[in-house]
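To start, the structure under review is shown below, and the notes come after it.
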Amino acid sequence: MIKLSTSLTALAIALAPTAALANEEQAGEPHQQAHKEEDDGIVVVGHPPVDFALLSSTSTLEDDKLLINQRGQLGETLAVLPGVSSTSFTPGASRPVLRGFDGDRIRVLTDGIGAIDASSVSADHAVVFDSLTVDHIDVLHGPAVLLFGGQAIGGAVNALDKRIPRSVPDGVSVTALGGYGSAANERSASGAVQFRLADRWAAHIDASWRKSDDLKVPGFVNSPSLREYLLDEAAEYRAAGEPDEAAEYEEMANLTGKVPNTAARSTTFGAGLAFIDEGGNLGISVQRQDMRYGLPMRPGAGHGHGGHGGGHGGHDEDVSIDLGQTRVDLRGAVELGEGLFDSIQIRGAFGDYQHIEFEGDEVGTTFSGSGVETRLDLVQNEKNGWRGRSGVQYFTRNLRIVGAEAFAPSNDVSRFGVFTLQSLRLGQLELEAAGRYERANVRASSVGFAKSYDLWSGALGASWRFGQDWKLGASFIRGARAPAPEELLSDGLHVATQAYEVGNATFRPETSKGGEVYLKYDGGAVNLALTGYLTDFDSFIAALPNGDEEDGFPVFEYTQGKARFQGFEASASARVMQWTGGSLTIDAQADYTHAELKGVGPVPRIPPLRLRGGAELELGNVHLRGEVEHNDAQNRVAGFETPVDGFTMVNLSAVWHPMGDDGPLTFTLTANNLFDVSARRAASFTRDFVPLAGRDIRVSAKLAF
């Protein structure tokens, strides 16, 4: 508590000069993050640091595309983007996977600040995120990821929400959204109101609700290899004269139609207040989010011969998670005029988090804690083609883990970072350089562990515009990540992964060297993007089986060694026909990651080659789209994994703006997995017993005025 109070006090002191200076008039035109509209004097606040435009590889989900792809969890929402897959642990818990990286190697952010939850600790922990309250979501790679943290070697996901107002409206603005999805009988609704309190004051109130039932899937719930195992077990039990056990295994093997215990529900309430002026801005918001979702267990795990009781996965009762977070966010900026520096920008957030793992109605393991993250950015004005952003960042989190299945001890993590990103434009050539130093501390007093890591990261980049519409670029990043507490200190049964996990307290930092090369063409009617990337690790951390068993579960031991990730992303689109009031556009994309633990074999849970092609028809206010997505079979699997069959899905969507494309009303109708194909994600821990949704007919209506 003393550490937390100190952190909050430091945050308040940092904000004090921002609030005081916000009223001062500054000379000159503001830059990017705030500008003055000539007619009505409205000042609009941007969304630093994403709007800095030094992002060589960025993909975005926004507007109608975000509306069509909104799901209950972030991973499923983003899975349509190039290079993005999903952990798909359960409909209630799904993190994004970027170029084969997940967990602690990517950062999930809201307006530049982390989620302050426990989602990176385990794949069954949901991200505290509500897609119903965001404007758009960016997926980031390249040198600029060092703005967010040295551990984000896989990239970063940044969602821009509307809770702290970015402008003072003339009156009242209202957004309402409702939707339904058939595959899980999913119902969702949200509403937000933003209004003027005074000349320079704006307020915001929002609420959202989402509820879904067990997920409908085509064919057998369990994969062919898992069904074969279950039927073999059933035959052994029957031969041993245990017909009840045999019948139970046969029932599990032949399960069809729905994935048991995958229902989910969530509610979110939020409010924000902002002072916005030409000289600066200062805003605060409060959010409360609550979730409850089921955790399907691997059939038969811990239940075989020599295992210990429990009907499914060692548990007699269904396992579920009840999660809640209260979060307070702050955002401020002071305009500094036309000198060397454009503005000082500050962001901060405090989060109080708890989730309880229930076994039936009984409390199992509890994760609880709180954290603070703050950043202060000093933004330079552009001078003769030179611009930059530098700052400091601080994060602290305490996490208490209590219960019979606490696979890691309670721990405290803190990080302090100093960073800079600089860019110089020389005609058609632009050079970038970024550097970051971070001091990371991990403590677990119950086991007498305390260790600090000094982490140095750096990046160089260059891009060249040639011809009229072409751009060629390359970047190099040297990254460093401190081992996560669970990698250092785990020693217990991890129910989510159905394994007994053992950490290694002697791990050194995970360091990497890598880069990417990209080519882009933007010709208006024709667009093309091709990116190739490679990252080598000297000390990559992975959990691998050591051949032992503990209570009927395999023992997975965290190890450190050399690894290589490489792959590509490609996308292209062409407007092949255009006429008054309409057009026809075709597009295609592909992505692939090849990841190897040197001397061991494939890295676990790597997505296969994926191809997607589509056609989009615009007829006035109606936009129609059809697409085919093919995921190749993944036969490059780790020794303890089973191969994943390939699959091809057909998706259709229609968007109607009855009052015009810029009008206040939008209706959508989509048919995902139209032909009800059985599909499983290779990036998922639960792929053998939690397939993707079957045919899913979704409708939504959005009103914004």
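Simple scheme: letters A, B, ... for chains in structure tokens order, numbers from 1 for residues in each chain, numbers from 1 for ligands in the order shown.
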| message | Can you pull out every residue from stretch 120-330 of chain A that DSSP, working from the backbone, puts in strand (DSSP E or B), and format the result as an MDAnalysis selection string? | response | chainID A and resid 134:141 155:161 172:181 186:198 201:212 215:220 256:259 264:277 280:295 312 315 319:330
Taking 4 positions as the minimum chain separation for residues in the same chain, which residues sit within 12 Å of A:Gly599 when counting only C-alpha atoms? Answer as an mmCIF file with N, CA and C atoms, in the first residue's frame.
```
data_model
loop_
_atom_site.group_PDB
_atom_site.id
_atom_site.type_symbol
_atom_site.label_atom_id
_atom_site.label_comp_id
_atom_site.auth_asym_id
_atom_site.auth_seq_id
_atom_site.Cartn_x
_atom_site.Cartn_y
_atom_site.Cartn_z
ATOM 1 N N GLN A 560 15.667 -21.783 -21.552
ATOM 2 C CA GLN A 560 16.143 -20.602 -22.267
ATOM 3 C C GLN A 560 17.158 -21.037 -23.318
ATOM 4 N N GLY A 561 16.977 -20.593 -24.555
ATOM 5 C CA GLY A 561 17.882 -20.979 -25.629
ATOM 6 C C GLY A 561 17.703 -20.094 -26.847
ATOM 7 N N LYS A 562 18.334 -20.476 -27.927
ATOM 8 C CA LYS A 562 18.293 -19.697 -29.165
ATOM 9 C C LYS A 562 17.014 -20.016 -29.939
ATOM 10 N N ALA A 563 16.498 -18.989 -30.612
ATOM 11 C CA ALA A 563 15.278 -19.168 -31.411
ATOM 12 C C ALA A 563 15.283 -18.186 -32.564
ATOM 13 N N ARG A 564 14.528 -18.514 -33.598
ATOM 14 C CA ARG A 564 14.388 -17.615 -34.754
ATOM 15 C C ARG A 564 12.931 -17.578 -35.189
ATOM 16 N N VAL A 603 8.652 -23.806 -32.496
ATOM 17 C CA VAL A 603 8.081 -23.102 -31.353
ATOM 18 C C VAL A 603 6.613 -23.510 -31.245
#
```
| task | Quick one: everything within 12 Å of stretch 356-369 of chain A, counting only C-alpha atoms, minus sequence neighbours fewer than 5 positions away in the same chain. Send it as number ranges by chain. | result | A: 1, 4, 116-119, 121-122, 124-125, 261, 290-297, 310, 312-326, 350-351, 396-413, 493-496
| request: Would you list the contacts of stretch 212-222 of chain A as a count of residues only, taking every protein, DNA or RNA residue within 10 Å and counting only C-alpha atoms, but skipping same-chain residues closer than 6 positions in sequence? | output: 50
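The coordinates place atom CA of A:Gly155 at 28.5 Å from atom CA of A:Ser208.
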| said: For a quick check of understanding, using only C-alpha atoms, which of A:Asn381, A:Ser390, A:Asn621, A:Ser457 has the smallest distance to A:Thr511? | reply: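 Of all the options, A:Ser457 lies closest to A:Thr511.
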| message | Excluding A:Ser423 and its own-chain neighbours fewer than 2 positions away, which residues fall within 6 Å of it when counting only C-alpha atoms? Please give them as a ChimeraX atom specification. | response | /A:386-388,431-432
| field | Exercise: A:Met577 partners within 12 Å, only C-alpha atoms, chain neighbours under 4 positions left out, as JSON, numbers by chain | value | {"A": [525, 526, 581, 582, 583, 584, 585, 586, 615, 616, 617, 618, 619]}
